[in-house]
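S.K.: Please read through the structure below; I'll follow up with questions.
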Amino acid sequence: MPGELLWDVGAGAGSIAIEWMRTHPSCRAIAVEQHTERAERVGRNAAALGVPGLRVVTGAAPDALAGLDQPHAVFVGGGVTVPGVVEACWDALPRGGRLVANAVTMESEVVVADWYRRLGGELSRVSVQRASPVGGFTGWRPMMPVTVWAVAKR
């Protein structure tokens with residue numbers, strides 16, 4: 001929604017935060033990334049894609065979340081299995097705030113499934129396949145599926 005703030009936790013390349021900010025000029029985002037080289041890439045990507053105002057915080061969650069402005073929404077793209085990350089993100093949200101977490105490993109799926117059991121929401125699995133050569137033909141090669149948990153705070 002216009003004017004809302006997103007935390008992109010475990011930002012990677014920053015694509016979620018960047019696209020969030022591109023939806024409306026008043027949308028704000030904070031990308032939190034523990035790896036310095038990735039955090040620098042997030043900043044470069046944001047500038048190249050027209051949202052140089054994206055705030056990038058280099059540090060590991062949950063500690064790096066302390067003192068940040070309260071978000072309206074949180075996306076956890078990395079760090080789901082780190083103790084305290086999902087809890088800190090959930091606790092930071094106001095009533096009506098939304099949280100989305102991606103899981104690609106069995107360990108992260110266990111964490112997401114536990115939170116889903118406790119809070120509800122929606123649980124989905126997305127699978128993508130890419131065409132690639134198989135001899136002289138073309139076949140589908142599966143990518144890792146992503147389990148997505150989305151929930152709104154009541």
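Going through the structure tokens in order, the chains are called A, B, and so on, while each chain numbers its residues from 1 and the ligands are numbered from 1 in the order shown.
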Using only C-alpha atoms, which protein or nucleic acid residues come within 9 Å of Gly121 of chain A? Drop anything in the same chain fewer than 6 positions from it, and give the result as a ChimeraX atom specification.
M.R.: /A:149-152
S.K.: Excluding Leu123 of chain A and any residue of its chain fewer than 5 positions from it, enumerate the residues within 12 Å of it, using only C-alpha atoms, and give them as a list in words.
M.R.: Leu99, Val100, Ala101, Asn102, Ala103, Glu109, Val112, Ala113, Asp114, Trp115, Tyr116, Arg117, Val146, Thr147, Val148, Trp149, Ala150 and Val151 of chain A
S.K.: Would you save the residues from that selection as a compact mmCIF listing (two decimals), in the first residue's frame, using all heavy atoms?
M.R.:
# COMPACT_ATOMS: atom_id res chain seq x y z
N LEU A 99 3.28 -10.62 7.24
CA LEU A 99 4.57 -11.28 7.21
C LEU A 99 4.52 -12.38 6.16
O LEU A 99 3.55 -13.13 6.08
CB LEU A 99 4.90 -11.91 8.57
CG LEU A 99 6.30 -12.54 8.68
CD1 LEU A 99 6.92 -12.23 10.03
CD2 LEU A 99 6.26 -14.02 8.46
N VAL A 100 5.57 -12.43 5.34
CA VAL A 100 5.74 -13.49 4.35
C VAL A 100 7.13 -14.06 4.56
O VAL A 100 8.10 -13.32 4.67
CB VAL A 100 5.58 -12.97 2.91
CG1 VAL A 100 5.90 -14.06 1.89
CG2 VAL A 100 4.18 -12.42 2.68
N ALA A 101 7.22 -15.39 4.63
CA ALA A 101 8.51 -16.06 4.80
C ALA A 101 8.66 -17.15 3.76
O ALA A 101 7.72 -17.92 3.53
CB ALA A 101 8.63 -16.64 6.20
N ASN A 102 9.82 -17.20 3.13
CA ASN A 102 10.13 -18.26 2.17
C ASN A 102 11.01 -19.31 2.82
O ASN A 102 11.89 -18.97 3.63
CB ASN A 102 10.87 -17.69 0.96
CG ASN A 102 9.94 -17.06 -0.04
OD1 ASN A 102 8.74 -17.01 0.15
ND2 ASN A 102 10.50 -16.58 -1.13
N ALA A 103 10.79 -20.55 2.45
CA ALA A 103 11.59 -21.66 2.95
C ALA A 103 11.97 -22.55 1.78
O ALA A 103 11.11 -22.93 0.98
CB ALA A 103 10.80 -22.46 3.99
N GLU A 109 11.51 -25.26 6.38
CA GLU A 109 10.11 -25.65 6.29
C GLU A 109 9.55 -26.07 7.64
O GLU A 109 8.39 -25.81 7.94
CB GLU A 109 9.93 -26.79 5.28
CG GLU A 109 9.98 -26.32 3.85
CD GLU A 109 9.59 -27.40 2.86
OE1 GLU A 109 9.50 -28.58 3.25
OE2 GLU A 109 9.38 -27.05 1.69
N VAL A 112 8.75 -22.81 9.44
CA VAL A 112 7.56 -22.19 8.85
C VAL A 112 6.30 -22.98 9.20
O VAL A 112 5.27 -22.39 9.55
CB VAL A 112 7.75 -22.05 7.32
CG1 VAL A 112 6.45 -21.77 6.62
CG2 VAL A 112 8.76 -20.96 7.01
N ALA A 113 6.38 -24.30 9.15
CA ALA A 113 5.21 -25.12 9.48
C ALA A 113 4.80 -24.92 10.93
O ALA A 113 3.59 -24.88 11.24
CB ALA A 113 5.51 -26.60 9.21
N ASP A 114 5.76 -24.77 11.84
CA ASP A 114 5.43 -24.54 13.24
C ASP A 114 4.72 -23.20 13.42
O ASP A 114 3.71 -23.12 14.13
CB ASP A 114 6.70 -24.60 14.10
CG ASP A 114 6.38 -24.39 15.57
OD1 ASP A 114 5.56 -25.15 16.12
OD2 ASP A 114 6.95 -23.45 16.17
N TRP A 115 5.23 -22.15 12.79
CA TRP A 115 4.58 -20.84 12.88
C TRP A 115 3.20 -20.87 12.24
O TRP A 115 2.25 -20.27 12.75
CB TRP A 115 5.46 -19.76 12.25
CG TRP A 115 6.53 -19.30 13.18
CD1 TRP A 115 7.80 -19.81 13.29
CD2 TRP A 115 6.43 -18.29 14.18
NE1 TRP A 115 8.48 -19.15 14.28
CE2 TRP A 115 7.67 -18.21 14.84
CE3 TRP A 115 5.41 -17.43 14.57
CZ2 TRP A 115 7.91 -17.31 15.87
CZ3 TRP A 115 5.64 -16.53 15.59
CH2 TRP A 115 6.89 -16.48 16.23
N TYR A 116 3.07 -21.57 11.12
CA TYR A 116 1.76 -21.71 10.47
C TYR A 116 0.77 -22.40 11.40
O TYR A 116 -0.38 -21.99 11.53
CB TYR A 116 1.92 -22.49 9.17
CG TYR A 116 0.62 -22.87 8.52
CD1 TYR A 116 -0.15 -21.93 7.84
CD2 TYR A 116 0.16 -24.18 8.57
CE1 TYR A 116 -1.34 -22.27 7.23
CE2 TYR A 116 -1.04 -24.53 7.96
CZ TYR A 116 -1.78 -23.58 7.31
OH TYR A 116 -2.96 -23.93 6.71
N ARG A 117 1.21 -23.45 12.08
CA ARG A 117 0.36 -24.17 13.02
C ARG A 117 -0.11 -23.24 14.14
O ARG A 117 -1.26 -23.29 14.55
CB ARG A 117 1.12 -25.36 13.62
CG ARG A 117 0.32 -26.17 14.64
CD ARG A 117 1.17 -27.23 15.33
NE ARG A 117 2.35 -26.71 15.98
CZ ARG A 117 2.37 -26.04 17.15
NH1 ARG A 117 1.25 -25.80 17.79
NH2 ARG A 117 3.51 -25.61 17.67
N VAL A 146 9.88 -23.68 -3.51
CA VAL A 146 9.88 -22.71 -2.42
C VAL A 146 8.55 -22.81 -1.69
O VAL A 146 7.49 -22.74 -2.31
CB VAL A 146 10.07 -21.26 -2.95
CG1 VAL A 146 10.03 -20.26 -1.80
CG2 VAL A 146 11.37 -21.14 -3.73
N THR A 147 8.62 -22.99 -0.37
CA THR A 147 7.42 -22.97 0.45
C THR A 147 7.25 -21.54 0.95
O THR A 147 8.19 -20.94 1.46
CB THR A 147 7.55 -23.95 1.63
OG1 THR A 147 7.73 -25.26 1.09
CG2 THR A 147 6.33 -23.92 2.52
N VAL A 148 6.05 -21.00 0.78
CA VAL A 148 5.77 -19.61 1.13
C VAL A 148 4.69 -19.59 2.21
O VAL A 148 3.61 -20.15 2.01
CB VAL A 148 5.29 -18.81 -0.10
CG1 VAL A 148 5.04 -17.36 0.27
CG2 VAL A 148 6.30 -18.93 -1.24
N TRP A 149 5.00 -18.93 3.31
CA TRP A 149 4.02 -18.74 4.37
C TRP A 149 3.67 -17.25 4.42
O TRP A 149 4.56 -16.40 4.50
CB TRP A 149 4.57 -19.20 5.72
CG TRP A 149 3.69 -18.90 6.90
CD1 TRP A 149 2.38 -19.22 7.04
CD2 TRP A 149 4.08 -18.22 8.09
NE1 TRP A 149 1.92 -18.79 8.28
CE2 TRP A 149 2.94 -18.17 8.93
CE3 TRP A 149 5.26 -17.66 8.54
CZ2 TRP A 149 2.97 -17.56 10.17
CZ3 TRP A 149 5.29 -17.06 9.77
CH2 TRP A 149 4.15 -17.02 10.59
N ALA A 150 2.40 -16.93 4.37
CA ALA A 150 1.93 -15.55 4.46
C ALA A 150 0.86 -15.46 5.53
O ALA A 150 -0.05 -16.29 5.58
CB ALA A 150 1.36 -15.10 3.12
N VAL A 151 0.98 -14.43 6.39
CA VAL A 151 0.04 -14.27 7.48
C VAL A 151 -0.11 -12.80 7.82
O VAL A 151 0.82 -12.01 7.67
CB VAL A 151 0.51 -15.08 8.73
CG1 VAL A 151 1.84 -14.55 9.26
CG2 VAL A 151 -0.55 -15.13 9.82
S.K.: Take atom CA of Arg98 of chain A and atom CA of Thr36 of chain A and report the distance between them in Å, one decimal.
M.R.: 27.3 Å
S.K.: Quick one: residues within 12 Å of Arg95 of chain A, only C-alpha atoms, excluding same-chain residues fewer than 5 positions away - as an MDAnalysis selection string?
M.R.: chainID A and resid 70:73 90 151:154
S.K.: Identify, with DSSP run on backbone atoms, the residues in chain A assigned to alpha helix (DSSP H), and express the list as JSON, numbers by chain.
M.R.: {"A": [15, 16, 17, 18, 19, 20, 21, 22, 36, 37, 38, 39, 40, 41, 42, 43, 44, 45, 46, 47, 48, 85, 86, 87, 88, 89, 90, 91, 92, 106, 107, 108, 109, 110, 111, 112, 113, 114, 115, 116, 117, 118, 119]}
S.K.: Between A:Val76, A:Ala48, A:Leu119, A:Val56, single out the one closest to Ala29 of chain A, counting only C-alpha atoms.
M.R.: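 So, comparing all the options, the nearest one is A:Val56.
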S.K.: Please identify the strand (DSSP E or B) residues within chain A (assignment by DSSP from backbone atoms) and present them as a count of residues only.
M.R.: 49
S.K.: Any idea what's packed within 7 Å of Ser127 of chain A, counting only C-alpha atoms, ignoring anything in its chain fewer than 5 positions away? Could you give it as a PDB file with C-alpha atoms, in the first residue's frame?
M.R.:
ATOM      1  CA  MET A 143      14.472 -25.822  -9.680  1.00  0.00           C
ATOM      2  CA  MET A 144      14.209 -26.125  -5.899  1.00  0.00           C
ATOM      3  CA  PRO A 145      10.602 -25.601  -4.772  1.00  0.00           C
ATOM      4  CA  VAL A 146       9.882 -22.709  -2.424  1.00  0.00           C
TER       5      VAL A 146
END
